[in-house]
file coords_3.txt (compact mmCIF, C-alpha atoms)
# COMPACT_ATOMS: atom_id res chain seq x y z
CA MET A 1 45.58 -76.26 -29.43
CA ASN A 2 47.59 -76.14 -32.64
CA HIS A 3 51.37 -76.49 -32.48
CA GLU A 4 53.99 -76.35 -35.22
CA VAL A 5 55.29 -79.88 -35.88
CA ASN A 6 57.77 -80.91 -38.57
CA GLN A 7 57.65 -84.06 -40.70
CA GLN A 8 59.75 -85.95 -38.15
CA GLY A 9 57.13 -85.33 -35.46
CA GLN A 10 59.25 -82.77 -33.62
CA LEU A 11 57.86 -79.67 -31.93
CA MET A 12 58.94 -76.47 -33.66
CA ILE A 13 58.85 -72.97 -32.18
CA ALA A 14 58.98 -70.15 -34.73
CA GLY A 15 60.88 -72.38 -37.14
CA VAL A 16 63.35 -73.86 -34.63
CA GLN A 17 63.26 -77.34 -33.13
CA ALA A 18 62.32 -77.12 -29.45
CA LYS A 19 64.78 -79.92 -28.67
CA GLU A 20 67.58 -77.93 -30.31
CA LEU A 21 66.79 -74.98 -28.05
CA ALA A 22 66.74 -77.19 -24.95
CA ASP A 23 70.06 -78.77 -25.88
CA HIS A 24 71.69 -75.43 -26.68
CA TYR A 25 70.50 -73.34 -23.73
CA GLY A 26 69.68 -76.00 -21.14
CA THR A 27 66.48 -76.50 -19.19
CA PRO A 28 64.26 -75.30 -17.64
CA LEU A 29 63.97 -72.77 -20.44
CA PHE A 30 61.37 -70.15 -21.30
CA VAL A 31 60.99 -69.82 -25.07
CA TYR A 32 58.99 -66.98 -26.62
CA ASP A 33 57.71 -66.86 -30.18
CA VAL A 34 58.27 -63.18 -30.91
CA ASN A 35 55.97 -63.18 -33.94
CA LYS A 36 53.11 -64.22 -31.65
CA ILE A 37 53.87 -61.33 -29.31
CA ARG A 38 53.82 -58.94 -32.24
CA ALA A 39 50.63 -60.41 -33.69
CA ASN A 40 48.82 -60.23 -30.36
CA ALA A 41 49.87 -56.63 -29.83
CA GLN A 42 48.74 -55.67 -33.31
CA ALA A 43 45.38 -57.39 -32.90
CA PHE A 44 44.50 -54.69 -30.38
CA VAL A 45 46.27 -51.78 -32.08
CA ARG A 46 44.88 -52.55 -35.52
CA THR A 47 41.28 -52.71 -34.30
CA PHE A 48 41.44 -49.24 -32.79
CA GLU A 49 43.06 -47.93 -35.96
CA GLU A 50 40.37 -49.49 -38.15
CA TYR A 51 37.68 -47.67 -36.17
CA ASN A 52 39.75 -44.47 -36.17
CA VAL A 53 39.32 -44.27 -32.41
CA PRO A 54 41.95 -42.54 -30.26
CA ALA A 55 43.40 -45.14 -27.92
CA GLN A 56 46.38 -46.37 -25.97
CA VAL A 57 47.09 -50.06 -25.70
CA ALA A 58 49.37 -50.37 -22.67
CA TYR A 59 51.22 -53.63 -22.10
CA ALA A 60 50.84 -54.69 -18.46
CA SER A 61 54.47 -55.52 -17.82
CA LYS A 62 53.75 -57.44 -14.60
CA ALA A 63 52.92 -60.39 -16.90
CA PHE A 64 56.55 -60.54 -18.02
CA SER A 65 59.08 -57.76 -17.78
CA SER A 66 62.54 -57.80 -19.31
CA THR A 67 64.59 -55.44 -21.41
CA ALA A 68 64.02 -57.47 -24.58
CA VAL A 69 60.26 -57.88 -24.30
CA LEU A 70 59.77 -54.18 -23.57
CA GLN A 71 61.82 -53.35 -26.66
CA VAL A 72 59.51 -55.53 -28.76
CA ILE A 73 56.46 -53.92 -27.15
CA HIS A 74 57.83 -50.47 -28.02
CA GLN A 75 58.52 -51.56 -31.60
CA GLU A 76 54.83 -52.44 -31.92
CA GLY A 77 53.79 -48.96 -30.79
CA LEU A 78 52.27 -49.85 -27.44
CA SER A 79 52.32 -47.94 -24.17
CA LEU A 80 53.43 -49.58 -20.94
CA ASP A 81 52.11 -50.20 -17.44
CA VAL A 82 54.54 -50.52 -14.54
CA VAL A 83 53.74 -51.15 -10.87
CA SER A 84 57.10 -50.64 -9.13
CA GLN A 85 60.44 -48.92 -9.27
CA GLY A 86 61.91 -52.16 -10.58
CA GLU A 87 59.52 -52.31 -13.52
CA LEU A 88 60.06 -48.60 -14.19
CA HIS A 89 63.83 -49.08 -14.05
CA THR A 90 63.56 -51.94 -16.53
CA ALA A 91 61.50 -49.77 -18.87
CA LEU A 92 64.08 -46.99 -18.70
CA GLU A 93 66.91 -49.49 -19.34
CA ALA A 94 64.98 -50.73 -22.38
CA GLY A 95 64.76 -47.17 -23.73
CA PHE A 96 60.97 -47.08 -23.47
CA PRO A 97 59.56 -43.57 -24.12
CA VAL A 98 58.72 -42.13 -20.70
CA GLU A 99 55.65 -40.31 -21.98
CA LYS A 100 54.06 -43.68 -22.80
CA ILE A 101 54.62 -45.19 -19.34
CA HIS A 102 51.76 -45.45 -16.82
CA MET A 103 52.35 -46.33 -13.16
CA HIS A 104 49.94 -48.48 -11.14
CA GLY A 105 50.04 -49.81 -7.59
CA ASN A 106 47.94 -49.82 -4.45
CA ASN A 107 50.79 -48.78 -2.16
CA LYS A 108 53.15 -46.53 -4.09
CA ASN A 109 55.79 -45.19 -1.75
CA ILE A 110 57.48 -41.83 -1.83
CA GLN A 111 60.52 -43.15 -3.71
CA GLU A 112 58.38 -44.64 -6.48
CA LEU A 113 56.41 -41.44 -6.91
CA GLU A 114 59.57 -39.33 -6.85
CA MET A 115 61.09 -41.51 -9.57
CA ALA A 116 57.94 -41.37 -11.70
CA VAL A 117 57.77 -37.57 -11.43
CA GLN A 118 61.52 -37.13 -11.92
CA TYR A 119 61.39 -38.99 -15.24
CA ASN A 120 58.16 -37.29 -16.34
CA ILE A 121 56.25 -40.48 -17.07
CA GLY A 122 53.01 -40.17 -18.97
CA CYS A 123 50.46 -40.97 -16.27
CA ILE A 124 49.99 -42.17 -12.71
CA VAL A 125 46.91 -44.23 -11.84
CA VAL A 126 46.01 -42.93 -8.39
CA ASP A 127 44.74 -45.62 -6.05
CA ASN A 128 43.99 -44.13 -2.60
CA PHE A 129 43.74 -40.96 -0.52
CA PHE A 130 47.20 -41.35 1.03
CA GLU A 131 48.71 -41.50 -2.45
CA ILE A 132 47.01 -38.23 -3.39
CA GLU A 133 48.77 -36.56 -0.45
CA LEU A 134 52.14 -38.12 -1.32
CA LEU A 135 51.89 -37.24 -5.00
CA SER A 136 50.83 -33.69 -4.21
CA ALA A 137 53.88 -33.24 -1.97
CA VAL A 138 56.26 -34.72 -4.55
CA LEU A 139 54.91 -32.52 -7.33
CA LYS A 140 55.18 -29.44 -5.17
CA GLU A 141 58.74 -30.37 -4.19
CA GLN A 142 59.81 -30.97 -7.81
CA ARG A 143 57.70 -28.09 -9.17
CA LYS A 144 56.05 -30.29 -11.75
CA THR A 145 52.62 -31.40 -12.88
CA MET A 146 51.40 -34.94 -13.55
CA ASP A 147 48.55 -36.49 -15.50
CA VAL A 148 46.55 -38.98 -13.46
CA LEU A 149 43.63 -41.37 -13.71
CA LEU A 150 41.54 -42.28 -10.69
CA ARG A 151 41.22 -46.03 -10.25
CA VAL A 152 37.69 -46.87 -9.20
CA THR A 153 35.92 -50.09 -8.24
CA PRO A 154 32.71 -50.17 -10.28
CA GLY A 155 31.06 -52.99 -8.33
CA ILE A 156 31.64 -55.55 -11.08
CA GLU A 157 33.85 -58.57 -10.69
CA ALA A 158 34.50 -60.78 -13.69
CA HIS A 159 36.27 -64.09 -14.06
CA THR A 160 35.90 -66.23 -17.17
CA HIS A 161 32.11 -66.50 -17.62
CA ASP A 162 30.99 -65.30 -14.18
CA TYR A 163 30.00 -61.73 -13.37
CA ILE A 164 29.18 -60.59 -9.85
CA LEU A 165 27.44 -57.28 -9.22
CA THR A 166 28.07 -55.85 -5.77
CA GLY A 167 27.00 -52.64 -4.08
CA GLN A 168 30.48 -51.97 -2.77
CA GLU A 169 33.48 -53.72 -4.25
CA ASP A 170 35.70 -55.38 -1.66
CA SER A 171 39.13 -54.76 -3.15
CA LYS A 172 42.51 -53.48 -2.06
CA PHE A 173 42.57 -51.43 -5.27
CA GLY A 174 40.92 -48.13 -6.07
CA PHE A 175 38.18 -45.82 -4.86
CA ASP A 176 34.70 -47.23 -4.38
CA LEU A 177 32.00 -45.61 -6.51
CA SER A 178 28.96 -46.63 -4.46
CA SER A 179 30.08 -45.11 -1.15
CA GLY A 180 31.12 -41.76 -2.58
CA GLN A 181 34.85 -42.40 -2.11
CA ALA A 182 35.57 -41.83 -5.77
CA GLU A 183 33.79 -38.48 -5.80
CA GLU A 184 35.69 -37.36 -2.70
CA ALA A 185 38.96 -38.34 -4.37
CA PHE A 186 37.90 -36.49 -7.51
CA GLN A 187 37.31 -33.34 -5.48
CA LYS A 188 40.72 -33.57 -3.79
CA VAL A 189 42.51 -34.07 -7.09
CA GLN A 190 40.64 -31.21 -8.74
CA GLU A 191 41.74 -28.87 -5.96
CA ASP A 192 45.43 -29.56 -6.60
CA PRO A 193 46.88 -27.33 -9.35
CA ASN A 194 49.74 -29.76 -10.00
CA ILE A 195 47.54 -32.80 -10.62
CA GLN A 196 45.81 -33.02 -13.99
CA MET A 197 43.02 -35.60 -13.93
CA LYS A 198 42.53 -37.17 -17.33
CA GLY A 199 39.76 -39.61 -16.43
CA LEU A 200 38.83 -42.89 -14.76
CA HIS A 201 40.36 -46.35 -14.63
CA CYS A 202 38.91 -49.72 -13.66
CA HIS A 203 39.97 -53.35 -13.79
CA ILE A 204 37.31 -55.99 -13.26
CA GLY A 205 39.20 -59.28 -13.23
CA SER A 206 41.37 -61.66 -15.21
CA GLN A 207 41.17 -64.50 -17.72
CA ILE A 208 37.81 -63.16 -18.95
CA PHE A 209 36.21 -64.97 -21.89
CA GLU A 210 33.29 -62.63 -22.62
CA THR A 211 32.79 -58.89 -23.09
CA ASP A 212 29.71 -58.37 -20.89
CA GLY A 213 31.71 -57.46 -17.79
CA PHE A 214 33.73 -54.83 -19.62
CA GLN A 215 30.57 -53.36 -21.08
CA MET A 216 28.89 -53.20 -17.66
CA ALA A 217 31.96 -51.50 -16.21
CA ALA A 218 31.98 -48.94 -19.01
CA GLN A 219 28.33 -48.19 -18.33
CA ARG A 220 29.04 -47.59 -14.65
CA LEU A 221 31.96 -45.28 -15.45
CA PHE A 222 29.92 -43.26 -17.94
CA ARG A 223 27.06 -42.81 -15.50
CA THR A 224 29.57 -41.42 -13.00
CA LEU A 225 31.23 -39.16 -15.56
CA HIS A 226 27.82 -37.89 -16.71
CA GLU A 227 26.98 -36.96 -13.12
CA TRP A 228 30.30 -35.21 -12.63
CA LYS A 229 29.84 -33.29 -15.86
CA ASP A 230 26.49 -31.94 -14.64
CA LYS A 231 27.74 -31.30 -11.11
CA TYR A 232 31.30 -30.07 -11.70
CA GLU A 233 31.46 -29.33 -15.45
CA TYR A 234 34.22 -31.93 -15.68
CA GLU A 235 34.85 -33.84 -18.92
CA ALA A 236 37.18 -36.83 -18.93
CA SER A 237 39.55 -37.21 -21.86
CA VAL A 238 40.36 -40.86 -21.03
CA VAL A 239 38.42 -43.94 -19.98
CA ASN A 240 40.67 -46.88 -19.09
CA LEU A 241 38.87 -50.24 -18.97
CA GLY A 242 41.87 -52.26 -17.82
CA GLY A 243 42.85 -55.72 -18.96
CA GLY A 244 42.04 -59.32 -18.10
CA PHE A 245 41.37 -60.61 -21.61
CA GLY A 246 41.46 -64.41 -21.55
CA ILE A 247 43.83 -66.77 -23.33
CA GLN A 248 43.82 -70.49 -24.04
CA TYR A 249 45.71 -72.66 -21.56
CA THR A 250 43.88 -75.92 -22.34
CA GLU A 251 41.40 -77.18 -24.90
CA GLU A 252 38.61 -76.39 -22.43
CA ASP A 253 39.38 -72.66 -22.63
CA GLN A 254 37.49 -70.86 -25.38
CA PRO A 255 38.45 -67.18 -25.25
CA LEU A 256 37.41 -64.65 -27.85
CA GLU A 257 39.76 -63.48 -30.56
CA LEU A 258 41.68 -60.49 -29.22
CA ASP A 259 40.23 -58.06 -31.75
CA GLN A 260 36.73 -59.05 -30.59
CA TYR A 261 37.45 -57.66 -27.13
CA ALA A 262 38.63 -54.37 -28.64
CA HIS A 263 35.67 -54.26 -31.04
CA ALA A 264 33.16 -54.68 -28.22
CA LEU A 265 34.77 -52.00 -26.07
CA ILE A 266 34.87 -49.52 -28.94
CA GLN A 267 31.21 -50.11 -29.77
CA GLU A 268 30.17 -49.79 -26.12
CA VAL A 269 32.08 -46.57 -25.48
CA LYS A 270 30.77 -45.05 -28.71
CA SER A 271 27.23 -45.98 -27.75
CA LEU A 272 27.59 -44.59 -24.22
CA SER A 273 29.17 -41.40 -25.49
CA SER A 274 26.18 -40.84 -27.77
CA ARG A 275 23.62 -41.86 -25.16
CA PHE A 276 24.97 -39.51 -22.49
CA ASP A 277 25.84 -36.76 -24.99
CA TYR A 278 29.40 -37.01 -23.71
CA PRO A 279 32.52 -36.15 -25.73
CA MET A 280 34.13 -39.33 -27.02
CA PRO A 281 37.07 -40.08 -24.69
CA GLU A 282 40.30 -41.79 -25.58
CA ILE A 283 40.03 -45.52 -24.77
CA TRP A 284 42.89 -47.11 -22.85
CA ILE A 285 43.27 -50.83 -22.21
CA GLU A 286 45.95 -52.87 -20.45
CA PRO A 287 46.51 -56.36 -21.92
CA GLY A 288 49.40 -58.31 -20.42
CA ARG A 289 48.69 -62.03 -20.39
CA ALA A 290 46.82 -61.65 -23.69
CA ILE A 291 49.98 -60.45 -25.42
CA VAL A 292 52.66 -62.77 -24.02
CA GLY A 293 50.80 -65.73 -22.47
CA GLU A 294 50.37 -68.02 -25.46
CA ALA A 295 53.66 -66.83 -26.97
CA GLY A 296 55.62 -68.59 -24.22
CA THR A 297 56.55 -72.27 -23.85
CA THR A 298 58.59 -73.78 -21.03
CA LEU A 299 60.94 -76.65 -21.85
CA TYR A 300 61.96 -79.17 -19.18
CA THR A 301 64.06 -82.33 -19.06
CA VAL A 302 62.43 -85.43 -17.61
CA GLY A 303 64.26 -86.96 -14.66
CA SER A 304 62.73 -89.73 -12.59
CA VAL A 305 59.65 -91.74 -13.52
CA LYS A 306 57.74 -93.22 -10.58
CA ASN A 307 54.87 -95.65 -11.08
CA ILE A 308 52.43 -96.38 -8.28
CA PRO A 309 50.44 -99.39 -9.54
CA GLU A 310 46.73 -98.67 -10.05
CA VAL A 311 47.20 -95.13 -8.68
CA ARG A 312 49.29 -92.91 -10.98
CA THR A 313 52.63 -92.46 -12.68
CA TYR A 314 54.70 -89.44 -11.71
CA ILE A 315 57.26 -87.99 -14.04
CA SER A 316 59.53 -85.40 -12.47
CA VAL A 317 61.07 -82.52 -14.39
CA ASP A 318 63.96 -80.18 -13.61
CA GLY A 319 61.71 -77.21 -12.81
CA GLY A 320 58.37 -76.68 -11.15
CA MET A 321 56.89 -74.14 -8.79
CA THR A 322 60.06 -72.05 -8.88
CA ASP A 323 59.38 -71.20 -12.53
CA ASN A 324 55.59 -71.67 -12.54
CA ILE A 325 53.84 -71.04 -9.24
CA ARG A 326 50.37 -70.75 -10.81
CA PRO A 327 49.32 -74.43 -10.46
CA ALA A 328 50.19 -74.34 -6.74
CA LEU A 329 48.61 -70.89 -6.19
CA TYR A 330 45.49 -71.10 -8.35
CA ASN A 331 45.20 -74.72 -9.40
CA ALA A 332 45.94 -73.42 -12.89
CA LYS A 333 45.70 -75.93 -15.75
CA TYR A 334 48.18 -76.45 -18.58
CA GLU A 335 48.79 -78.77 -21.51
CA ALA A 336 52.08 -80.49 -22.27
CA ALA A 337 53.79 -82.61 -24.93
CA LEU A 338 57.02 -84.51 -25.53
CA THR A 339 58.93 -82.44 -28.06
CA GLU A 340 60.33 -85.40 -30.02
CA LYS A 341 57.16 -87.52 -29.99
CA MET A 342 54.51 -85.08 -31.20
CA ASN A 343 52.97 -87.55 -33.66
CA GLU A 344 53.06 -90.60 -31.40
CA PRO A 345 49.80 -91.70 -29.79
CA SER A 346 49.26 -90.45 -26.24
CA GLU A 347 48.22 -93.70 -24.64
CA ASN A 348 49.48 -93.16 -21.10
CA ASN A 349 48.34 -90.84 -18.33
CA TYR A 350 50.96 -89.04 -16.28
CA SER A 351 51.29 -86.50 -13.48
CA ILE A 352 54.02 -83.91 -13.99
CA ALA A 353 55.88 -83.18 -10.77
CA GLY A 354 58.34 -80.41 -10.08
CA LYS A 355 61.55 -80.97 -8.15
CA CYS A 356 60.91 -78.66 -5.19
CA CYS A 357 60.65 -80.19 -1.74
CA GLU A 358 56.89 -79.61 -1.61
CA SER A 359 54.06 -82.10 -2.15
CA GLY A 360 52.13 -79.34 -3.86
CA ASP A 361 54.81 -78.81 -6.49
CA MET A 362 52.78 -80.32 -9.32
CA LEU A 363 52.70 -78.68 -12.75
CA ILE A 364 49.98 -80.93 -14.22
CA TRP A 365 48.04 -83.65 -12.39
CA ASP A 366 46.73 -85.54 -15.40
CA VAL A 367 48.07 -85.40 -18.93
CA ALA A 368 48.05 -87.99 -21.72
CA LEU A 369 51.46 -88.52 -23.32
CA PRO A 370 53.34 -91.16 -25.32
CA ALA A 371 55.63 -93.41 -23.26
CA VAL A 372 57.91 -91.13 -21.24
CA GLU A 373 61.58 -91.90 -20.70
CA HIS A 374 64.32 -90.31 -18.64
CA GLY A 375 65.94 -87.51 -20.66
CA ASP A 376 62.89 -86.66 -22.76
CA THR A 377 62.21 -82.96 -23.33
CA LEU A 378 58.79 -81.89 -22.11
CA ALA A 379 57.08 -78.73 -23.34
CA VAL A 380 54.43 -76.97 -21.26
CA PHE A 381 52.44 -74.47 -23.31
CA SER A 382 51.06 -70.97 -22.70
CA THR A 383 53.52 -70.16 -19.94
CA GLY A 384 54.51 -66.71 -21.22
CA ALA A 385 52.63 -64.78 -18.51
CA TYR A 386 53.32 -64.96 -14.77
CA GLY A 387 55.88 -67.73 -15.16
CA TYR A 388 59.25 -66.03 -15.21
CA ALA A 389 57.67 -62.93 -13.67
CA MET A 390 56.78 -64.89 -10.50
CA ALA A 391 59.85 -67.14 -10.47
CA SER A 392 61.66 -67.68 -7.17
CA ASN A 393 64.79 -69.18 -5.69
CA TYR A 394 62.95 -71.57 -3.41
CA ASN A 395 65.26 -74.48 -2.52
CA ARG A 396 67.96 -72.23 -3.98
CA PHE A 397 67.12 -73.25 -7.52
CA GLN A 398 68.34 -70.98 -10.30
CA LYS A 399 65.91 -68.87 -12.26
CA PRO A 400 65.71 -70.16 -15.86
CA ALA A 401 67.08 -68.57 -18.99
CA VAL A 402 64.77 -66.88 -21.49
CA VAL A 403 65.14 -67.20 -25.26
CA PHE A 404 63.38 -65.27 -28.02
CA VAL A 405 62.77 -67.02 -31.34
CA GLU A 406 61.69 -65.17 -34.48
CA ASN A 407 61.60 -66.44 -38.06
CA GLY A 408 64.03 -69.26 -37.40
CA ASP A 409 66.54 -67.20 -35.40
CA HIS A 410 66.97 -67.63 -31.65
CA GLN A 411 68.61 -65.34 -29.15
CA LEU A 412 69.27 -65.48 -25.42
CA VAL A 413 67.56 -62.47 -23.79
CA VAL A 414 67.77 -63.38 -20.09
CA GLN A 415 70.73 -65.37 -18.85
CA ARG A 416 70.25 -68.35 -16.56
CA GLU A 417 70.91 -67.36 -12.99
CA THR A 418 74.13 -68.73 -11.52
CA TYR A 419 74.75 -69.96 -7.98
CA GLN A 420 77.06 -67.00 -7.56
CA ASP A 421 74.14 -64.70 -8.46
CA MET A 422 72.09 -66.25 -5.67
CA THR A 423 74.73 -65.68 -2.98
CA ARG A 424 76.04 -62.35 -4.28
CA LEU A 425 74.10 -60.34 -1.71
CA ASP A 426 74.67 -62.76 1.19
CA LEU A 427 76.92 -61.55 4.01
CA SER A 428 78.81 -63.56 6.60
CA TYR A 429 77.82 -63.35 10.25
CA GLU A 430 80.35 -63.06 13.05
CA LYS A 431 79.04 -63.20 16.57
CA GLY A 432 79.78 -60.03 18.50
CA LYS A 433 80.85 -58.06 15.42
CA GLY A 434 77.58 -56.17 14.95
CA LYS A 435 76.97 -52.51 15.68
CA GLU A 436 76.62 -51.58 19.32
CA LYS A 437 73.43 -50.02 20.65
call {"tool": "encode", "arguments": {"input": "coords_3.txt", "output": "structure tokens"}}
result
Amino acid sequence: MNHEVNQQGQLMIAGVQAKELADHYGTPLFVYDVNKIRANAQAFVRTFEEYNVPAQVAYASKAFSSTAVLQVIHQEGLSLDVVSQGELHTALEAGFPVEKIHMHGNNKNIQELEMAVQYNIGCIVVDNFFEIELLSAVLKEQRKTMDVLLRVTPGIEAHTHDYILTGQEDSKFGFDLSSGQAEEAFQKVQEDPNIQMKGLHCHIGSQIFETDGFQMAAQRLFRTLHEWKDKYEYEASVVNLGGGFGIQYTEEDQPLELDQYAHALIQEVKSLSSRFDYPMPEIWIEPGRAIVGEAGTTLYTVGSVKNIPEVRTYISVDGGMTDNIRPALYNAKYEAALTEKMNEPSENNYSIAGKCCESGDMLIWDVALPAVEHGDTLAVFSTGAYGYAMASNYNRFQKPAVVFVENGDHQLVVQRETYQDMTRLDLSYEKGKGKEK
């Protein structure tokens, strides 16, 4: 992995010394290179424009949602996926155009659907039969219509290089194609005058390094749409192939260039459209991690160093599973460096421990670094997705601050949580003072 290093051997992020950022804002600290976010977004957008193919590239905000990042996403012309009232509220606070917002979720409640309809968002991705009933009632109550996609499980599961074909996808998301669930849902939606079905949606996995799985999913969707055209004279205007495009966390990861994913999807949909004599639909995709993952770096300060002779050396940092739960959840792998010793030989092997009261709070089990000392600033790379988004207050630790850096300028975009923030919603308890039955 290539990192910007100055002549003094110091890590630079978008033209600013990482150590300077750590000293100024404190640690743990999430730092985003805004130019990388913009470049990743444009890699998708530009490819669709070059092929003159109608498309929507929707940022999956679950990867990282904040007012500032959504403003950058809007500036780059993308649409937006939200999966909760909180994410929708954030989008509205950021001034995101409502017509470019899509709502996902396997258990949307009545309040979420009411909010989505009230603000006239662009599309709801319908996930189950109960949701069809809820949405129908909300639309009737508010006397409105809503564009929807049906989320289907195409029987294809993809992760990195592995693809599994199954007769019936076992997933909490979507309508199964093989059992006829999807067709039943299609019929229900078609019967509702307030629901306008634009097409189908699928999502086959995450951190995918090849295009085969996406192509197989597109084939399954087109076979279904071809059948529905013959049977019901229905023509979809949108095919949404989801996200899951892989990024590089370590040197072992070899994902495709982002425009290669888009190129393959465009070619496949064009081919299928011709093969089935089907009108070319608009292609929607939903990159999240692919846009912000590699743009983010987390900075920590080294605390204790513990050597167990002939076993390992632990170095503990001032963060851990409260700002990056992925190693504990998924055994996710990361790379790290000492920000002031980038050119020094990495002759020692270390294990990076977090400070939570959990044995499993390990950020990296084995990483080669120069000699580590108390007070060093440690950078962990590619933490822009599902780091801050999944942060917690376990052990009552504060959630970190977030800084954006662009062309040598840096700006605080999420303040560090205070202890007062953590107890703001706490209430005192007085025995016998509660409400009577």
call {"tool": "residues_around", "arguments": {"input": "coords_3.txt", "residues": "Leu272 of chain A", "least_positions_apart": "4", "cutoff": "8 Å", "atoms": "only C-alpha atoms", "output": "CSV table (one decimal) with C-alpha atoms, in the frame of the given file"}}
result
chain,number,residue,atom,x,y,z
A,219,GLN,CA,28.3,-48.2,-18.3
A,222,PHE,CA,29.9,-43.3,-17.9
A,268,GLU,CA,30.2,-49.8,-26.1
A,276,PHE,CA,25.0,-39.5,-22.5
A,278,TYR,CA,29.4,-37.0,-23.7
call {"tool": "residues_around", "arguments": {"input": "coords_3.txt", "residues": "Val5 of chain A", "least_positions_apart": "2", "cutoff": "12 Å", "atoms": "all atoms listed in the file", "output": "number ranges by chain"}}
result
A: 2-3, 7-19, 337-344
call {"tool": "closest_residue", "arguments": {"input": "coords_3.txt", "among": "A:Val34, A:Val239, A:Ala39, A:Met103", "to": "Pro279 of chain A", "atoms": "only C-alpha atoms"}}
result
A:Val239
call {"tool": "atom_distance", "arguments": {"input": "coords_3.txt", "atom1": "atom CA of Val402 of chain A", "atom2": "atom CA of Ser351 of chain A"}}
result
25.1 Å
call {"tool": "closest_atom_pairs", "arguments": {"input": "coords_3.txt", "of": "segment 97-152 of chain A", "to": "segment 280-284 of chain A", "cutoff": "12 Å", "atoms": "all atoms listed in the file", "output": "CSV"}}
result
residue,atom,partner,partner_atom,distance
A:Lys100,CA,A:Trp284,CA,11.7
A:His102,CA,A:Trp284,CA,10.9
A:Cys123,CA,A:Trp284,CA,11.8
A:Leu149,CA,A:Trp284,CA,10.8
call {"tool": "closest_residue", "arguments": {"input": "coords_3.txt", "among": "A:Asp318, A:Asp366, A:Glu294, A:Glu252", "to": "Val31 of chain A", "atoms": "all atoms listed in the file"}}
result
A:Glu294
call {"tool": "decode", "arguments": {"input": "coords_3.txt", "residues": "segment 220-235 of chain A", "atoms": "C-alpha atoms", "output": "compact mmCIF listing (two decimals), in the first residue's frame"}}
result
# COMPACT_ATOMS: atom_id res chain seq x y z
CA ARG A 220 -30.88 -14.05 -12.78
CA LEU A 221 -32.68 -10.72 -12.54
CA PHE A 222 -33.03 -10.43 -16.31
CA ARG A 223 -34.42 -13.94 -16.62
CA THR A 224 -37.06 -12.99 -14.06
CA LEU A 225 -37.86 -9.69 -15.73
CA HIS A 226 -38.12 -11.42 -19.12
CA GLU A 227 -40.66 -13.85 -17.65
CA TRP A 228 -42.66 -11.05 -16.08
CA LYS A 229 -42.67 -9.13 -19.34
CA ASP A 230 -44.19 -12.11 -21.16
CA LYS A 231 -46.60 -12.93 -18.34
CA TYR A 232 -47.64 -9.48 -17.10
CA GLU A 233 -46.42 -7.07 -19.82
CA TYR A 234 -44.26 -5.41 -17.16
CA GLU A 235 -41.04 -3.60 -18.09
